[in-house]
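Peer 1: So that we are looking at the same thing, I have put the structure below in structure tokens.
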Amino acid sequence: VQLQASGGGLVQAGGSLRLSCAASGRTFSISVMGWFRQAPGKEREFVGRIRWSGGSTYYADSVKGRFIISRDNAKNTMSLQMNSLSPEDTAVYYCAALNRGPGYSGSAYYRNDYDAWGQGTLVTVSS
């Protein structure tokens, strides 16, 4: 599976931004897709994930209630709607895919759970 993230940019605090991730290749193997982010000088951290079959979501506490992940199975795309952005959300955002088929039931909260990564897209939130 190959992933292509897009939609990053500069936004003022309190604003919104929508990221997209397009999957190609062996998309039938996707179990979960997730978003991670990495701020300058920090470790890459989990933002949220969505199960490809069923669409259930889970979010990190830092974004819960502000960010929404959705997917379009027919188009093999995933989106991250980010609302009420703050400067602390500034980071490179990465989409990732876990490719173990539709029966996978693990939590998929951890970076090492994922085996395909997009190139990252920069989100900058100005104060």
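Quick note on naming: the chains in the structure tokens go A, B, ... in the order shown, residues restart at 1 in each chain, and ligands are numbered from 1 in order of appearance.
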Residues of range 7-42 of chain A that approach range 100-110 of chain A to 6 Å or less, counting only C-alpha atoms: could you list each one with the shortest pair of atoms and its distance in Å to one decimal, rows by chain and increasing residue number, as a Markdown table?

Peer 2:
| residue | atom | partner | partner_atom | distance |
| --- | --- | --- | --- | --- |
| A:Ser29 | CA | A:Gly101 | CA | 4.4 |
| A:Ile30 | CA | A:Gly101 | CA | 5.5 |
| A:Ser31 | CA | A:Gly101 | CA | 5.0 |

Peer 1: Quick one: pick out all strand (DSSP E or B) residues within range 88-124 of chain A from a backbone DSSP run and write them as a list in words.

Peer 2: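 Listing strand (DSSP E or B) positions across range 88-124 of chain A yields Ala91, Val92, Tyr93, Tyr94, Cys95, Ala96, Ala97, Leu98, Ala116, Trp117, Thr121, Leu122, Val123 and Thr124 of chain A.
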
Peer 1: With distances taken over only C-alpha atoms, which of A:Ser70, A:Ser16, A:Ser6, A:Asn99 is nearest to Gly48 in chain A?

Peer 2: A:Ser70

Peer 1: Range 67-69 of chain A: which residues within 6 Å, counting only C-alpha atoms, same-chain residues fewer than 4 positions away excluded, as a list in words?

Peer 2: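 With the cut-off at 6 Å, the set is Val63, Ser79, Leu80, Gln81, Met82 and Asn83 of chain A.
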
Peer 1: Can you pull out the residues contacting Glu88 in chain A? Cut-off 8 Å, using only C-alpha atoms, and skip same-chain residues under 2 positions away; I want them as number ranges by chain.

Peer 2: A: 86, 90, 125

Peer 1: Report as a list in words all protein, DNA and RNA residues lying within 8 Å of Leu10 in chain A, evaluated on only C-alpha atoms, omitting residues in the same chain fewer than 3 positions from it.

Peer 2: Val123, Thr124, Val125 and Ser126 of chain A

Peer 1: Pick the closest to Cys95 in chain A from A:Asn76, A:Arg18, A:Trp35, A:Ser53: which is it, counting only C-alpha atoms?

Peer 2: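 So, comparing all the options, the nearest one is A:Trp35.
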